[in-house]
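So this block is target35.txt, compact mmCIF, C-alpha atoms and all ligand atoms:
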# COMPACT_ATOMS: atom_id res chain seq x y z
CA MET A 1 66.77 103.38 110.30
CA ARG A 2 69.95 105.05 111.56
CA ILE A 3 73.40 103.69 110.73
CA ASN A 4 76.65 104.91 112.25
CA LEU A 5 79.30 104.19 109.63
CA TYR A 6 83.08 104.23 110.01
CA VAL A 7 84.72 103.95 106.58
CA TRP A 8 88.41 103.52 105.75
CA ARG A 9 89.37 106.48 103.57
CA GLN A 10 92.71 106.38 101.77
CA ALA A 11 93.48 108.45 98.70
CA GLY A 12 96.04 106.03 97.26
CA ARG A 13 98.48 103.21 97.89
CA ASP A 14 101.23 105.36 99.40
CA LYS A 15 98.92 107.82 101.16
CA PRO A 16 97.98 107.58 104.84
CA GLY A 17 94.54 106.16 105.59
CA ARG A 18 92.05 106.63 108.47
CA LEU A 19 88.55 105.68 109.54
CA VAL A 20 86.04 108.48 108.90
CA ASN A 21 82.63 108.63 110.59
CA TYR A 22 79.46 109.07 108.47
CA SER A 23 76.10 108.82 110.18
CA THR A 24 72.91 108.55 108.19
CA ASP A 25 69.20 108.41 109.07
CA ASP A 26 68.18 108.01 105.48
CA VAL A 27 68.33 104.20 105.39
CA SER A 28 65.49 101.76 104.69
CA SER A 29 65.81 98.19 105.96
CA ASP A 30 64.86 97.06 102.43
CA MET A 31 67.91 98.71 100.87
CA SER A 32 70.84 96.59 99.84
CA PHE A 33 74.11 97.42 101.60
CA LEU A 34 75.51 98.97 98.41
CA GLU A 35 72.35 101.07 97.92
CA MET A 36 72.94 102.42 101.43
CA LEU A 37 76.48 103.37 100.38
CA ASP A 38 75.07 104.97 97.20
CA VAL A 39 72.84 107.17 99.41
CA VAL A 40 75.81 108.16 101.59
CA ASN A 41 77.82 108.96 98.45
CA GLU A 42 75.02 111.09 96.96
CA GLY A 43 75.06 113.13 100.19
CA LEU A 44 78.85 113.53 99.96
CA ILE A 45 78.65 114.62 96.31
CA VAL A 46 75.95 117.22 97.12
CA LYS A 47 78.27 118.60 99.83
CA GLY A 48 81.16 118.73 97.32
CA GLU A 49 83.09 115.97 99.12
CA ASP A 50 84.87 112.98 97.62
CA PRO A 51 82.51 109.93 97.47
CA ILE A 52 83.60 106.64 99.05
CA ALA A 53 85.28 104.41 96.45
CA PHE A 54 84.07 100.80 96.39
CA ASP A 55 83.84 98.13 93.69
CA SER A 56 80.62 96.65 92.33
CA ASP A 57 79.23 95.46 89.02
CA CYS A 58 76.49 92.81 88.78
CA ARG A 59 75.08 93.46 92.29
CA GLU A 60 73.59 89.95 92.30
CA GLY A 61 76.43 87.81 93.62
CA ILE A 62 77.84 86.47 90.36
CA CYS A 63 80.71 88.67 89.16
CA GLY A 64 83.02 88.79 92.21
CA THR A 65 83.69 92.52 91.87
CA CYS A 66 82.36 93.67 95.24
CA GLY A 67 83.90 92.92 98.61
CA PHE A 68 85.25 94.59 101.73
CA LEU A 69 85.33 93.95 105.45
CA ILE A 70 82.17 94.76 107.41
CA ASN A 71 82.90 94.83 111.14
CA GLY A 72 85.96 92.68 110.39
CA LEU A 73 84.07 90.05 108.38
CA PRO A 74 84.66 89.67 104.62
CA HIS A 75 81.31 90.33 102.87
CA GLY A 76 79.60 90.95 106.23
CA PRO A 77 77.57 88.91 108.69
CA VAL A 78 75.45 86.72 106.36
CA ARG A 79 77.05 83.38 105.50
CA GLY A 80 77.25 82.37 101.82
CA SER A 81 76.55 85.90 100.61
CA THR A 82 78.43 88.71 98.88
CA VAL A 83 78.31 92.36 100.00
CA CYS A 84 75.98 93.15 97.12
CA GLN A 85 73.49 90.49 98.30
CA LEU A 86 73.46 91.86 101.85
CA HIS A 87 70.48 93.96 103.00
CA MET A 88 70.21 96.57 105.72
CA ARG A 89 67.66 94.43 107.57
CA SER A 90 70.67 92.35 108.70
CA PHE A 91 71.64 95.29 110.96
CA ARG A 92 69.77 96.75 113.93
CA ASP A 93 68.60 100.37 114.00
CA GLY A 94 71.44 102.54 115.33
CA ALA A 95 74.14 99.95 114.56
CA THR A 96 77.79 100.97 114.26
CA VAL A 97 79.28 99.48 111.11
CA VAL A 98 83.01 99.62 110.26
CA LEU A 99 84.08 99.20 106.61
CA GLU A 100 87.67 98.38 105.64
CA PRO A 101 89.31 97.12 102.45
CA TRP A 102 90.77 93.61 102.06
CA ARG A 103 94.09 93.59 103.92
CA ALA A 104 96.80 91.60 102.09
CA LYS A 105 100.24 92.46 100.68
CA ALA A 106 99.26 90.89 97.35
CA PHE A 107 96.13 93.14 97.17
CA PRO A 108 97.52 96.70 97.33
CA ILE A 109 95.01 99.45 98.04
CA ILE A 110 93.92 101.57 95.08
CA LYS A 111 91.56 103.86 96.98
CA ASP A 112 89.31 103.62 100.08
CA LEU A 113 87.64 100.17 99.87
CA VAL A 114 89.06 99.28 96.43
CA VAL A 115 92.09 96.97 96.17
CA ASP A 116 94.07 95.71 93.19
CA ARG A 117 93.20 92.03 92.70
CA SER A 118 95.14 91.58 89.45
CA ALA A 119 97.30 88.98 91.23
CA PHE A 120 94.29 86.64 90.80
CA ASP A 121 94.29 87.34 87.06
CA ARG A 122 97.97 86.39 86.86
CA ILE A 123 97.31 83.09 88.70
CA ILE A 124 94.61 82.31 86.12
CA GLN A 125 96.93 83.35 83.28
CA ALA A 126 99.50 80.86 84.63
CA GLY A 127 97.23 77.87 83.92
CA GLY A 128 93.54 78.35 84.70
CA TYR A 129 92.39 77.44 81.20
CA THR A 130 92.58 74.70 78.57
CA SER A 131 94.59 75.48 75.45
CA ILE A 132 94.16 72.12 73.70
CA ASN A 133 91.99 71.88 70.62
CA VAL A 134 88.79 70.17 71.77
CA GLY A 135 86.97 70.59 68.47
CA GLY A 136 83.45 71.87 68.02
CA ALA A 137 80.68 71.75 70.62
CA GLN A 138 79.84 68.13 71.51
CA ASP A 139 76.43 66.61 72.08
CA ALA A 140 75.68 66.80 75.79
CA ASN A 141 76.02 63.06 76.41
CA SER A 142 79.00 62.23 74.18
CA ILE A 143 81.60 62.72 76.96
CA LEU A 144 80.44 60.69 79.94
CA ILE A 145 81.50 61.99 83.37
CA ALA A 146 80.32 60.53 86.68
CA LYS A 147 77.63 62.65 88.34
CA ASP A 148 79.58 63.15 91.61
CA THR A 149 82.65 64.21 89.67
CA VAL A 150 80.86 66.72 87.50
CA GLU A 151 79.08 68.18 90.53
CA GLN A 152 82.41 68.64 92.34
CA ALA A 153 83.88 70.30 89.25
CA MET A 154 80.90 72.64 88.86
CA ASP A 155 80.85 73.49 92.58
CA SER A 156 84.52 74.49 92.28
CA ALA A 157 83.78 76.50 89.13
CA ALA A 158 81.37 78.58 91.25
CA CYS A 159 84.31 80.58 92.67
CA ILE A 160 83.79 84.21 91.65
CA GLY A 161 87.33 85.39 92.43
CA CYS A 162 86.23 87.93 95.03
CA GLY A 163 89.25 87.58 97.35
CA ALA A 164 87.33 87.13 100.61
CA CYS A 165 89.29 83.94 101.32
CA VAL A 166 92.55 85.93 101.24
CA ALA A 167 91.13 88.67 103.48
CA ALA A 168 89.96 86.15 106.09
CA CYS A 169 93.21 84.17 106.22
CA LYS A 170 95.85 85.05 108.82
CA ASN A 171 98.47 84.05 106.22
CA ALA A 172 96.75 86.02 103.43
CA SER A 173 96.75 82.79 101.46
CA ALA A 174 94.89 82.47 98.17
CA ALA A 175 94.94 78.68 98.43
CA LEU A 176 91.13 78.35 98.35
CA PHE A 177 90.84 80.43 95.17
CA THR A 178 93.75 78.66 93.42
CA SER A 179 92.54 75.22 94.50
CA ALA A 180 89.02 75.91 93.24
CA LYS A 181 90.39 76.63 89.76
CA ILE A 182 92.77 73.65 89.79
CA THR A 183 90.03 71.29 91.05
CA HIS A 184 87.50 72.49 88.50
CA LEU A 185 89.78 71.71 85.56
CA SER A 186 91.58 68.64 86.92
CA LEU A 187 88.30 66.75 87.37
CA LEU A 188 87.17 67.19 83.77
CA PRO A 189 88.57 65.26 80.78
CA GLN A 190 89.20 68.53 78.91
CA GLY A 191 91.58 69.58 81.69
CA GLU A 192 93.48 66.30 81.89
CA VAL A 193 96.08 67.03 79.18
CA GLU A 194 97.52 70.10 80.94
CA ARG A 195 96.87 68.84 84.46
CA ASP A 196 100.50 68.76 85.67
CA THR A 197 101.76 71.99 84.14
CA ARG A 198 98.61 73.74 85.39
CA ALA A 199 99.14 72.66 89.02
CA LEU A 200 102.83 73.57 88.95
CA ARG A 201 102.40 76.94 87.27
CA MET A 202 99.37 78.11 89.24
CA VAL A 203 100.79 77.16 92.65
CA GLU A 204 104.17 78.73 91.82
CA ARG A 205 102.46 81.91 90.57
CA HIS A 206 100.38 82.01 93.77
CA ASP A 207 103.57 81.99 95.85
CA ALA A 208 105.37 84.49 93.61
CA GLU A 209 102.50 86.98 94.01
CA GLY A 210 103.17 87.11 97.76
CA PHE A 211 100.20 85.11 99.04
CA GLY A 212 100.95 83.02 102.14
CA SER A 213 100.73 79.26 102.59
CA CYS A 214 97.66 77.45 103.91
CA SER A 215 97.90 76.33 107.54
CA ASN A 216 94.42 74.75 107.67
CA GLU A 217 92.69 77.44 109.72
CA GLY A 218 89.45 77.12 107.68
CA GLU A 219 88.67 80.85 107.78
CA CYS A 220 88.51 80.93 103.98
CA GLU A 221 85.78 78.30 103.77
CA ALA A 222 83.78 80.08 106.53
CA VAL A 223 83.61 83.40 104.64
CA CYS A 224 83.50 82.22 101.02
CA PRO A 225 80.26 83.53 99.48
CA LYS A 226 80.14 80.47 97.21
CA GLU A 227 80.93 78.08 100.08
CA ILE A 228 83.89 76.53 98.25
CA PRO A 229 85.06 73.65 100.51
CA ILE A 230 88.56 73.58 101.98
CA ARG A 231 88.97 69.97 100.76
CA ASN A 232 89.85 71.55 97.41
CA ILE A 233 93.12 72.70 98.99
CA ALA A 234 93.98 69.09 99.83
CA ARG A 235 93.28 68.20 96.18
CA MET A 236 95.50 71.07 95.00
CA ASN A 237 98.34 69.85 97.22
CA ARG A 238 97.98 66.32 95.83
CA GLU A 239 97.92 67.67 92.26
CA TYR A 240 101.05 69.73 92.90
CA PHE A 241 102.87 66.82 94.61
CA ARG A 242 101.95 64.47 91.75
CA ALA A 243 103.20 66.98 89.18
CA THR A 244 106.53 67.48 90.97
CA LEU A 245 107.06 63.69 91.12
CA LEU A 246 106.22 63.25 87.44
CA ARG A 247 108.52 66.13 86.49
CA GLY A 248 111.31 64.87 88.79
CA ARG A 249 111.39 68.20 90.67
S1 LIG A 301 87.22 80.74 96.88
FE1 LIG A 301 85.36 81.84 97.62
S2 LIG A 301 86.17 83.58 98.80
FE2 LIG A 301 87.86 82.82 97.54
S3 LIG A 301 87.82 84.04 95.65
FE3 LIG A 301 86.58 82.18 95.25
S4 LIG A 301 84.47 82.78 95.77
FE4 LIG A 301 85.79 84.36 96.70
S1 LIG A 302 78.79 93.14 92.48
FE1 LIG A 302 78.97 91.23 91.42
S2 LIG A 302 79.22 89.78 93.04
FE2 LIG A 302 78.83 91.66 94.09

Spit out the file's structure as structure tokens when you get a sec.
Ligand code: SF4
Ligand code: FES
Amino acid sequence: MRINLYVWRQAGRDKPGRLVNYSTDDVSSDMSFLEMLDVVNEGLIVKGEDPIAFDSDCREGICGTCGFLINGLPHGPVRGSTVCQLHMRSFRDGATVVLEPWRAKAFPIIKDLVVDRSAFDRIIQAGGYTSINVGGAQDANSILIAKDTVEQAMDSAACIGCGACVAACKNASAALFTSAKITHLSLLPQGEVERDTRALRMVERHDAEGFGSCSNEGECEAVCPKEIPIRNIARMNREYFRATLLRGR
């Protein structure tokens, strides 16, 4: 099949960027989207040109490394899927496809489709962990947790930190990502001890990194490849409010 690609090319953060056209006939509908880009890049390398920079690692939807805008949609047209899980059969023969990096002040461009998502790491460093001593591994049934609660916690833990929620949001808010981490830990007994400091520190780090506030647009939930629900943001707000009351802030 033939694909008419327009790709954002930008050599670095302070360099000017532009969309560059690459057309290719060498595409099979069975290829993954990233395999199609690999083919385009092999052609560029053979011609002595700079290959398109994009992130990927696991290529099976679990690591959160990949991600860019495809025709304006984070991760492309298939709901609940990452770029690396997308296949060329989702596009018609002769389609025009525009690729751009995540656009957010807190995600500065490194090169082409690659952005710096270390702001997410710093939000996790602010409180997305448990530092209490929980002893050795327990028998599976020795800490009883209600089934609904544990399922909510595990669904929140499914966030892969890809950043699509930020890219989709008109406020460039990372509220869905931050709330997934806060929800995951606040629902489990191991996370209870540091519950208040975690909510305060992670929300304040989120704001300090330059992400915007949530205004309930729901774009984040619509594009999240792990379908993290927006109700987690309501939980995060309650956790933060509770912590400020308890701390008298
Ligand atoms: S909440 Fe969803 S879109 Fe946002 S970082 Fe996590 S997996 Fe990606
Ligand atoms: S490369 Fe790991 S989720 Fe896409």

What residues of the protein or nucleic acid chains come within 7 Å of ligand LIG 302 (chain A) when you use all atoms listed in the file? Reply as a PyMOL selection string. chain A and resi 56-67+82-85

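Excluding Tyr240 (chain A) and any residue on its chain fewer than 5 positions from it, the residues at most 8 Å away by all atoms listed in the file are Asp196, Ala199, Leu200 and Val203 of chain A.
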
Counting all atoms listed in the file, closest pick from A:Asn141, A:Ser186, A:Asn216, A:Ser81 relative to ligand LIG 301 (chain A) is A:Ser81

Closest pair table for chain A residues within 9 Å of ligand LIG 301 (chain A), all atoms listed in the file, as a tab-separated table:
residue	atom	partner	partner_atom	distance
A:Gly64	CA	A:LIG301	FE4	6.9
A:Gly67	CA	A:LIG301	FE4	9.0
A:Pro74	CA	A:LIG301	S2	8.6
A:Thr82	CA	A:LIG301	FE4	8.8
A:Phe120	CA	A:LIG301	S3	8.5
A:Ser156	CA	A:LIG301	S1	8.2
A:Ala157	CA	A:LIG301	FE3	8.8
A:Ala158	CA	A:LIG301	S4	6.9
A:Cys159	CA	A:LIG301	FE3	3.8
A:Ile160	CA	A:LIG301	S4	4.4
A:Gly161	CA	A:LIG301	S3	3.5
A:Cys162	CA	A:LIG301	FE4	4.0
A:Gly163	CA	A:LIG301	S3	4.2
A:Ala164	CA	A:LIG301	S2	4.2
A:Cys165	CA	A:LIG301	S2	4.0
A:Val166	CA	A:LIG301	FE2	6.7
A:Ala167	CA	A:LIG301	S2	8.5
A:Ala168	CA	A:LIG301	S2	8.6
A:Ala174	CA	A:LIG301	FE2	7.1
A:Ala175	CA	A:LIG301	S1	8.1
A:Leu176	CA	A:LIG301	S1	4.8
A:Phe177	CA	A:LIG301	S1	4.0
A:Thr178	CA	A:LIG301	S1	7.7
A:Ser179	CA	A:LIG301	S1	8.0
A:Ala180	CA	A:LIG301	S1	6.3
A:Lys181	CA	A:LIG301	FE3	8.7
A:Cys220	CA	A:LIG301	S2	6.3
A:Glu221	CA	A:LIG301	FE1	7.1
A:Ala222	CA	A:LIG301	S2	8.8
A:Val223	CA	A:LIG301	S2	6.4
A:Cys224	CA	A:LIG301	S2	3.7
A:Pro225	CA	A:LIG301	S4	5.7
A:Lys226	CA	A:LIG301	S4	5.1
A:Glu227	CA	A:LIG301	FE1	6.3
A:Ile228	CA	A:LIG301	S1	5.5
A:Pro229	CA	A:LIG301	S1	8.3
A:Ile230	CA	A:LIG301	S1	8.9

Counting only C-alpha atoms, the option among A:Arg92, A:Arg247, A:Arg242, A:Lys111 closest to Gly17 (chain A): A:Lys111

Go through region 57-140 of chain A residue by residue and, counting all atoms listed in the file, keep those with an atom at most 6 Å from region 25-42 of chain A; for each kept residue give the shortest atom pair and its distance in Å to one decimal, ordered by chain and increasing number, as JSON lines.
{"residue": "A:Cys84", "atom": "CA", "partner": "A:Leu34", "partner_atom": "CA", "distance": 6.0}
{"residue": "A:Leu86", "atom": "CA", "partner": "A:Phe33", "partner_atom": "CA", "distance": 5.6}
{"residue": "A:His87", "atom": "CA", "partner": "A:Ser32", "partner_atom": "CA", "distance": 4.1}
{"residue": "A:Met88", "atom": "CA", "partner": "A:Ser29", "partner_atom": "CA", "distance": 4.7}
{"residue": "A:Arg89", "atom": "CA", "partner": "A:Ser29", "partner_atom": "CA", "distance": 4.5}

Work out how far apart CA of Ala104 (chain A) and CA of Ser213 (chain A) are and give it in Å to one decimal.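 According to the coordinates, CA of Ala104 (chain A) and CA of Ser213 (chain A) are separated by 13.0 Å.
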
Near Leu19 (chain A), within 10 Å and counting all atoms listed in the file, which residues show up once chain neighbours fewer than 3 positions away are dropped, as JSON, numbers by chain? {"A": [5, 6, 7, 8, 9, 10, 22, 98, 99, 100, 112]}

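Between CA of Asp148 (chain A) and CA of Leu187 (chain A) lies a distance of 10.3 Å.
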
Box along x, y and z, 8 Å on every side, all listed atoms of region 169-179 of chain A inside: centre and edge lengths in Å to one decimal, as JSON.
{"center_x": 94.7, "center_y": 80.6, "center_z": 101.1, "size_x": 23.6, "size_y": 26.8, "size_z": 31.4}

Counting all atoms listed in the file, the residue of A:Gly48, A:Gly80, A:Gly210, A:Gly135 that sits nearest Lys105 (chain A):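 Using all atoms listed in the file, Lys105 (chain A) sits closest to A:Gly210.
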
Record the distance separating CA of Arg2 (chain A) and CA of Gly43 (chain A), expressed in Å with one decimal.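 Those two atoms sit 14.9 Å apart.
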
Which residue of A:Asp50, A:Ala95, A:Lys15, A:Asn171 approaches Ile3 (chain A) most closely, using all atoms listed in the file: A:Ala95

Quick one: everything within 8 Å of region 121-133 of chain A, counting all atoms listed in the file, minus sequence neighbours fewer than 4 positions away in the same chain. Send it as an MDAnalysis selection string. chainID A and resid 117 178 181:182 185 190:191 193:194 197:199 201:203 205:206

Take the residues from that selection and write them out as a PDB file, in the frame of the given file, keeping C-alpha atoms.
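part07.pdb, written as the output of this step:
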ATOM      1  CA  ARG A 117      93.200  92.030  92.700  1.00  0.00           C
ATOM      2  CA  THR A 178      93.750  78.660  93.420  1.00  0.00           C
ATOM      3  CA  LYS A 181      90.390  76.630  89.760  1.00  0.00           C
ATOM      4  CA  ILE A 182      92.770  73.650  89.790  1.00  0.00           C
ATOM      5  CA  LEU A 185      89.780  71.710  85.560  1.00  0.00           C
ATOM      6  CA  GLN A 190      89.200  68.530  78.910  1.00  0.00           C
ATOM      7  CA  GLY A 191      91.580  69.580  81.690  1.00  0.00           C
ATOM      8  CA  VAL A 193      96.080  67.030  79.180  1.00  0.00           C
ATOM      9  CA  GLU A 194      97.520  70.100  80.940  1.00  0.00           C
ATOM     10  CA  THR A 197     101.760  71.990  84.140  1.00  0.00           C
ATOM     11  CA  ARG A 198      98.610  73.740  85.390  1.00  0.00           C
ATOM     12  CA  ALA A 199      99.140  72.660  89.020  1.00  0.00           C
ATOM     13  CA  ARG A 201     102.400  76.940  87.270  1.00  0.00           C
ATOM     14  CA  MET A 202      99.370  78.110  89.240  1.00  0.00           C
ATOM     15  CA  VAL A 203     100.790  77.160  92.650  1.00  0.00           C
ATOM     16  CA  ARG A 205     102.460  81.910  90.570  1.00  0.00           C
ATOM     17  CA  HIS A 206     100.380  82.010  93.770  1.00  0.00           C
TER      18      HIS A 206
END

Neighbour list for Ala119 (chain A) as a ChimeraX atom specification, cut-off 8 Å, only C-alpha atoms, skip fewer than 6 positions in-chain: /A:106-107,209
